[in-house]
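Structure data (PDB, C-alpha atoms) from target_38.pdb:
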```pdb
ATOM      1  CA  MET A   1    -102.464 105.486-195.223  1.00  0.00           C
ATOM      2  CA  VAL A   2    -100.950 107.320-192.253  1.00  0.00           C
ATOM      3  CA  TYR A   3     -97.462 106.765-190.918  1.00  0.00           C
ATOM      4  CA  GLN A   4     -98.026 107.892-187.338  1.00  0.00           C
ATOM      5  CA  LEU A   5     -94.784 108.761-185.549  1.00  0.00           C
ATOM      6  CA  ILE A   6     -95.172 108.261-181.835  1.00  0.00           C
ATOM      7  CA  GLN A   7     -91.896 109.898-180.879  1.00  0.00           C
ATOM      8  CA  ASP A   8     -89.302 111.924-182.749  1.00  0.00           C
ATOM      9  CA  GLY A   9     -88.504 109.115-185.166  1.00  0.00           C
ATOM     10  CA  LEU A  10     -87.636 105.501-184.482  1.00  0.00           C
ATOM     11  CA  PRO A  11     -84.367 104.967-182.643  1.00  0.00           C
ATOM     12  CA  TRP A  12     -81.271 104.689-184.781  1.00  0.00           C
ATOM     13  CA  VAL A  13     -80.020 101.106-184.693  1.00  0.00           C
ATOM     14  CA  ASN A  14     -76.858  99.561-186.146  1.00  0.00           C
ATOM     15  CA  ASP A  15     -76.449  96.002-187.432  1.00  0.00           C
ATOM     16  CA  GLN A  16     -75.205  94.827-184.020  1.00  0.00           C
ATOM     17  CA  GLY A  17     -78.387  96.041-182.273  1.00  0.00           C
ATOM     18  CA  ASP A  18     -76.793  99.054-180.623  1.00  0.00           C
ATOM     19  CA  TYR A  19     -79.001 102.147-180.621  1.00  0.00           C
ATOM     20  CA  LEU A  20     -78.713 105.898-180.314  1.00  0.00           C
ATOM     21  CA  MET A  21     -79.769 106.967-176.829  1.00  0.00           C
ATOM     22  CA  ALA A  22     -81.622 110.186-175.923  1.00  0.00           C
ATOM     23  CA  ASP A  23     -78.384 111.941-174.940  1.00  0.00           C
ATOM     24  CA  GLY A  24     -76.921 111.305-178.423  1.00  0.00           C
ATOM     25  CA  THR A  25     -74.506 108.554-177.405  1.00  0.00           C
ATOM     26  CA  SER A  26     -74.612 104.935-178.527  1.00  0.00           C
ATOM     27  CA  SER A  27     -75.592 102.042-176.292  1.00  0.00           C
ATOM     28  CA  GLY A  28     -72.525 100.226-177.663  1.00  0.00           C
ATOM     29  CA  ARG A  29     -70.816 100.488-181.037  1.00  0.00           C
ATOM     30  CA  PRO A  30     -71.225 103.644-183.136  1.00  0.00           C
ATOM     31  CA  VAL A  31     -74.589 104.197-184.769  1.00  0.00           C
ATOM     32  CA  THR A  32     -74.424 105.872-188.165  1.00  0.00           C
ATOM     33  CA  ARG A  33     -76.920 107.979-190.058  1.00  0.00           C
ATOM     34  CA  SER A  34     -77.147 105.387-192.826  1.00  0.00           C
ATOM     35  CA  VAL A  35     -79.415 103.188-190.731  1.00  0.00           C
ATOM     36  CA  GLU A  36     -82.136 105.808-190.121  1.00  0.00           C
ATOM     37  CA  GLN A  37     -85.398 103.872-190.406  1.00  0.00           C
ATOM     38  CA  VAL A  38     -87.839 106.781-190.395  1.00  0.00           C
ATOM     39  CA  GLU A  39     -86.388 108.389-193.507  1.00  0.00           C
ATOM     40  CA  GLU A  40     -86.570 105.111-195.416  1.00  0.00           C
ATOM     41  CA  ILE A  41     -90.179 104.427-194.381  1.00  0.00           C
ATOM     42  CA  ILE A  42     -91.259 107.930-195.401  1.00  0.00           C
ATOM     43  CA  LYS A  43     -89.343 107.680-198.681  1.00  0.00           C
ATOM     44  CA  ARG A  44     -90.884 104.325-199.594  1.00  0.00           C
ATOM     45  CA  GLY A  45     -94.387 105.366-198.553  1.00  0.00           C
ATOM     46  CA  SER A  46     -94.175 108.590-200.535  1.00  0.00           C
ATOM     47  CA  GLU A  47     -92.853 106.841-203.624  1.00  0.00           C
ATOM     48  CA  ALA A  48     -95.400 104.035-203.513  1.00  0.00           C
ATOM     49  CA  TYR A  49     -98.535 105.949-202.504  1.00  0.00           C
ATOM     50  CA  GLY A  50     -97.895 109.637-203.250  1.00  0.00           C
ATOM     51  CA  PRO A  51    -100.550 111.889-201.707  1.00  0.00           C
ATOM     52  CA  LEU A  52    -102.391 108.873-200.283  1.00  0.00           C
ATOM     53  CA  PHE A  53     -99.528 108.503-197.782  1.00  0.00           C
ATOM     54  CA  VAL A  54     -99.712 110.917-194.829  1.00  0.00           C
ATOM     55  CA  VAL A  55     -96.863 111.516-192.394  1.00  0.00           C
ATOM     56  CA  ALA A  56     -98.138 112.430-188.926  1.00  0.00           C
ATOM     57  CA  HIS A  57     -96.976 112.805-185.342  1.00  0.00           C
ATOM     58  CA  ASN A  58     -98.627 112.202-181.976  1.00  0.00           C
ATOM     59  CA  GLY A  59     -97.850 114.883-179.445  1.00  0.00           C
ATOM     60  CA  LEU A  60     -98.072 118.402-180.913  1.00  0.00           C
ATOM     61  CA  SER A  61     -98.018 120.860-178.044  1.00  0.00           C
ATOM     62  CA  SER A  62     -98.901 124.482-177.602  1.00  0.00           C
ATOM     63  CA  SER A  63     -95.224 125.378-177.745  1.00  0.00           C
ATOM     64  CA  GLY A  64     -92.011 123.837-178.901  1.00  0.00           C
ATOM     65  CA  LYS A  65     -90.876 122.807-182.339  1.00  0.00           C
ATOM     66  CA  PRO A  66     -93.118 120.276-184.098  1.00  0.00           C
ATOM     67  CA  ASN A  67     -91.700 116.911-185.170  1.00  0.00           C
ATOM     68  CA  ARG A  68     -88.828 117.354-187.624  1.00  0.00           C
ATOM     69  CA  TRP A  69     -89.783 114.375-189.793  1.00  0.00           C
ATOM     70  CA  VAL A  70     -93.295 115.706-190.377  1.00  0.00           C
ATOM     71  CA  ILE A  71     -91.983 119.193-191.138  1.00  0.00           C
ATOM     72  CA  GLN A  72     -89.514 117.795-193.677  1.00  0.00           C
ATOM     73  CA  ALA A  73     -92.157 115.619-195.367  1.00  0.00           C
ATOM     74  CA  GLY A  74     -94.506 118.609-195.602  1.00  0.00           C
ATOM     75  CA  LYS A  75     -91.821 120.761-197.204  1.00  0.00           C
ATOM     76  CA  GLN A  76     -91.387 118.009-199.803  1.00  0.00           C
ATOM     77  CA  GLY A  77     -95.104 118.156-200.633  1.00  0.00           C
ATOM     78  CA  GLN A  78     -96.260 115.117-198.675  1.00  0.00           C
ATOM     79  CA  PRO A  79     -99.590 115.478-196.836  1.00  0.00           C
ATOM     80  CA  THR A  80     -98.978 115.769-193.097  1.00  0.00           C
ATOM     81  CA  GLY A  81    -100.884 116.067-189.850  1.00  0.00           C
ATOM     82  CA  PHE A  82    -100.602 116.016-186.085  1.00  0.00           C
ATOM     83  CA  GLN A  83    -102.357 114.823-182.985  1.00  0.00           C
ATOM     84  CA  THR A  84    -102.260 116.886-179.809  1.00  0.00           C
ATOM     85  CA  GLY A  85    -100.681 115.618-176.669  1.00  0.00           C
ATOM     86  CA  ASN A  86    -103.089 114.044-174.210  1.00  0.00           C
ATOM     87  CA  THR A  87    -105.057 116.094-171.705  1.00  0.00           C
ATOM     88  CA  HIS A  88    -102.228 115.899-169.170  1.00  0.00           C
ATOM     89  CA  GLU A  89    -100.084 117.846-171.650  1.00  0.00           C
ATOM     90  CA  LEU A  90    -102.728 120.040-173.310  1.00  0.00           C
ATOM     91  CA  THR A  91    -105.016 121.081-170.469  1.00  0.00           C
ATOM     92  CA  SER A  92    -107.099 123.997-171.762  1.00  0.00           C
ATOM     93  CA  ILE A  93    -108.769 125.373-174.857  1.00  0.00           C
ATOM     94  CA  ILE A  94    -106.284 128.258-174.738  1.00  0.00           C
ATOM     95  CA  GLU A  95    -103.508 125.677-175.168  1.00  0.00           C
ATOM     96  CA  LEU A  96    -105.487 124.077-178.021  1.00  0.00           C
ATOM     97  CA  GLN A  97    -105.535 127.498-179.717  1.00  0.00           C
ATOM     98  CA  SER A  98    -101.768 127.751-179.198  1.00  0.00           C
ATOM     99  CA  ALA A  99    -101.263 124.241-180.607  1.00  0.00           C
ATOM    100  CA  LEU A 100    -103.248 125.215-183.726  1.00  0.00           C
ATOM    101  CA  GLU A 101    -101.162 128.377-184.075  1.00  0.00           C
ATOM    102  CA  ASN A 102     -97.987 126.278-183.669  1.00  0.00           C
ATOM    103  CA  LEU A 103     -99.236 123.914-186.380  1.00  0.00           C
ATOM    104  CA  TRP A 104    -100.102 126.788-188.735  1.00  0.00           C
ATOM    105  CA  ASP A 105     -96.946 128.819-188.184  1.00  0.00           C
ATOM    106  CA  ASN A 106     -94.388 126.004-188.147  1.00  0.00           C
ATOM    107  CA  THR A 107     -95.688 123.239-190.418  1.00  0.00           C
ATOM    108  CA  ASP A 108     -97.479 122.550-193.693  1.00  0.00           C
ATOM    109  CA  ALA A 109     -99.860 120.153-191.927  1.00  0.00           C
ATOM    110  CA  HIS A 110    -103.393 119.598-193.177  1.00  0.00           C
ATOM    111  CA  TYR A 111    -105.030 118.599-189.903  1.00  0.00           C
ATOM    112  CA  LEU A 112    -104.822 118.465-186.137  1.00  0.00           C
ATOM    113  CA  GLU A 113    -106.449 115.598-184.282  1.00  0.00           C
ATOM    114  CA  ALA A 114    -107.356 116.539-180.711  1.00  0.00           C
ATOM    115  CA  TYR A 115    -108.418 114.456-177.741  1.00  0.00           C
ATOM    116  CA  GLU A 116    -112.155 114.307-177.025  1.00  0.00           C
ATOM    117  CA  GLU A 117    -111.952 115.975-173.616  1.00  0.00           C
ATOM    118  CA  ILE A 118    -110.353 119.146-174.963  1.00  0.00           C
ATOM    119  CA  LEU A 119    -112.875 119.248-177.825  1.00  0.00           C
ATOM    120  CA  TRP A 120    -115.684 118.863-175.282  1.00  0.00           C
ATOM    121  CA  GLN A 121    -114.271 121.852-173.395  1.00  0.00           C
ATOM    122  CA  ALA A 122    -114.273 123.858-176.632  1.00  0.00           C
ATOM    123  CA  ARG A 123    -117.857 122.837-177.321  1.00  0.00           C
ATOM    124  CA  GLN A 124    -118.856 124.220-173.922  1.00  0.00           C
ATOM    125  CA  SER A 125    -117.546 127.582-175.154  1.00  0.00           C
ATOM    126  CA  GLN A 126    -119.492 127.390-178.454  1.00  0.00           C
ATOM    127  CA  ASN A 127    -116.236 126.207-180.098  1.00  0.00           C
ATOM    128  CA  THR A 128    -114.545 129.518-179.275  1.00  0.00           C
ATOM    129  CA  LEU A 129    -111.013 128.880-178.075  1.00  0.00           C
ATOM    130  CA  VAL A 130    -109.993 132.444-177.230  1.00  0.00           C
ATOM    131  CA  PRO A 131    -111.825 135.791-177.447  1.00  0.00           C
ATOM    132  CA  ASP A 132    -111.968 137.661-180.785  1.00  0.00           C
ATOM    133  CA  THR A 133    -109.748 140.333-179.263  1.00  0.00           C
ATOM    134  CA  VAL A 134    -106.914 137.826-178.742  1.00  0.00           C
ATOM    135  CA  ALA A 135    -106.728 136.135-182.162  1.00  0.00           C
ATOM    136  CA  GLU A 136    -108.159 136.600-185.648  1.00  0.00           C
ATOM    137  CA  ILE A 137    -108.858 132.868-185.975  1.00  0.00           C
ATOM    138  CA  ASN A 138    -110.389 131.728-182.708  1.00  0.00           C
ATOM    139  CA  THR A 139    -113.032 129.035-183.267  1.00  0.00           C
ATOM    140  CA  LEU A 140    -112.765 125.393-184.299  1.00  0.00           C
ATOM    141  CA  GLY A 141    -114.849 126.175-187.399  1.00  0.00           C
ATOM    142  CA  GLU A 142    -112.516 128.981-188.459  1.00  0.00           C
ATOM    143  CA  TRP A 143    -109.489 126.741-187.929  1.00  0.00           C
ATOM    144  CA  ASN A 144    -111.159 124.013-189.979  1.00  0.00           C
ATOM    145  CA  GLU A 145    -111.737 126.412-192.877  1.00  0.00           C
ATOM    146  CA  ARG A 146    -108.209 127.770-192.650  1.00  0.00           C
ATOM    147  CA  LEU A 147    -106.640 124.295-192.693  1.00  0.00           C
ATOM    148  CA  ARG A 148    -108.809 123.319-195.685  1.00  0.00           C
ATOM    149  CA  THR A 149    -106.968 125.961-197.726  1.00  0.00           C
ATOM    150  CA  ARG A 150    -103.899 123.746-197.575  1.00  0.00           C
ATOM    151  CA  PHE A 151    -105.522 120.982-199.624  1.00  0.00           C
TER     152      PHE A 151
END
```
Mind turning this structure into structure tokens?
Amino acid sequence: MVYQLIQDGLPWVNDQGDYLMADGTSSGRPVTRSVEQVEEIIKRGSEAYGPLFVVAHNGLSSSGKPNRWVIQAGKQGQPTGFQTGNTHELTSIIELQSALENLWDNTDAHYLEAYEEILWQARQSQNTLVPDTVAEINTLGEWNERLRTRF
């Protein structure tokens, strides 16, 4: 079972229906930490299903910090994974390589799901994302084997 976060957690909402806006202010009355839905969903899923519950996020990019909820769940031993951003956000196989490096360096994730178009581009290059001279791990097969070590 995968809990797929679409954004950086569900919005914080208080009992009156006011929510935490992107700039950190409330749409009305104060919104407190005690109503954080994402933490409760992850907690309940982990307790009920253990390693059969995966915490994932849509939108891993070639740069930038990966989703905080997925990172935290991974540090606590929960299986985690990511999906790349769409092809408007991840436009080349070089960026796919960078996204895999971001995943490896900054998370405990077990997998990266990529859009078909970017995988097709990799296939056209015999699954080589960057030249051997640029990175030690540079093919989809090598990344697959490396990520399998996390199981």
Exercise. With all atoms listed in the file as the basis for distance, which of A:Glu145, A:Ile137, A:Val2, A:Phe82 is at the shortest distance from Gly50 of chain A?
Worked result: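 Under the stated criterion, the closest residue is A:Val2.
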For this session: Evaluate the PyMOL selection byres ((chain A and resi 149) around 12) here and jot the selected residues down as a list in words.
Result: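 Selected by the PyMOL selection byres ((chain A and resi 149) around 12) in this file: Trp104, Asp108, Ala109, His110, Tyr111, Glu142, Trp143, Asn144, Glu145, Arg146, Leu147, Arg148, Arg150 and Phe151 of chain A.
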For this session: Between atom CA of Trp69 of chain A and atom CA of Val38 of chain A, measure the distance and give it in Å to one decimal.
Result: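 Straight-line distance from atom CA of Trp69 of chain A to atom CA of Val38 of chain A works out to 7.9 Å.
Here atom CA of Pro66 of chain A and atom CA of Tyr19 of chain A stand 23.2 Å from one another.
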Problem set entry | Residue neighbourhood Thr80 of chain A, 10 Å, all atoms listed in the file, exclusion window fewer than 4 positions, as a list in words |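 Counting all atoms listed in the file, the residues come to Val2, Tyr3, Gln4, Pro51, Phe53, Val54, Val55, Ala56, His57, Trp69, Val70, Ile71, Gln72, Ala73, Gly74, Lys75, Thr107, Asp108, Ala109, His110, Tyr111 and Leu112 of chain A.
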Exercise. Which of these residues is nearest to Arg123 of chain A, using all atoms listed in the file: A:Val31, A:Asn106, A:Gly141, A:Gln83?
Worked result: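 Smallest distance to Arg123 of chain A is found for A:Gly141.
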For this session: Apply the PyMOL selection byres ((chain A and resi 124-136) around 10) to the displayed file and report the matching residues as a list in words.
Result: Ser92, Ile93, Ile94, Glu95, Leu96, Gln97, Ser98, Glu101, Ile118, Leu119, Trp120, Gln121, Ala122, Arg123, Ile137, Asn138, Thr139, Leu140, Gly141 and Glu142 of chain A
Exercise. Hey, can you check how far atom CA of Glu47 of chain A sits from atom CA of Gln78 of chain A?
Worked result: 10.2 Å
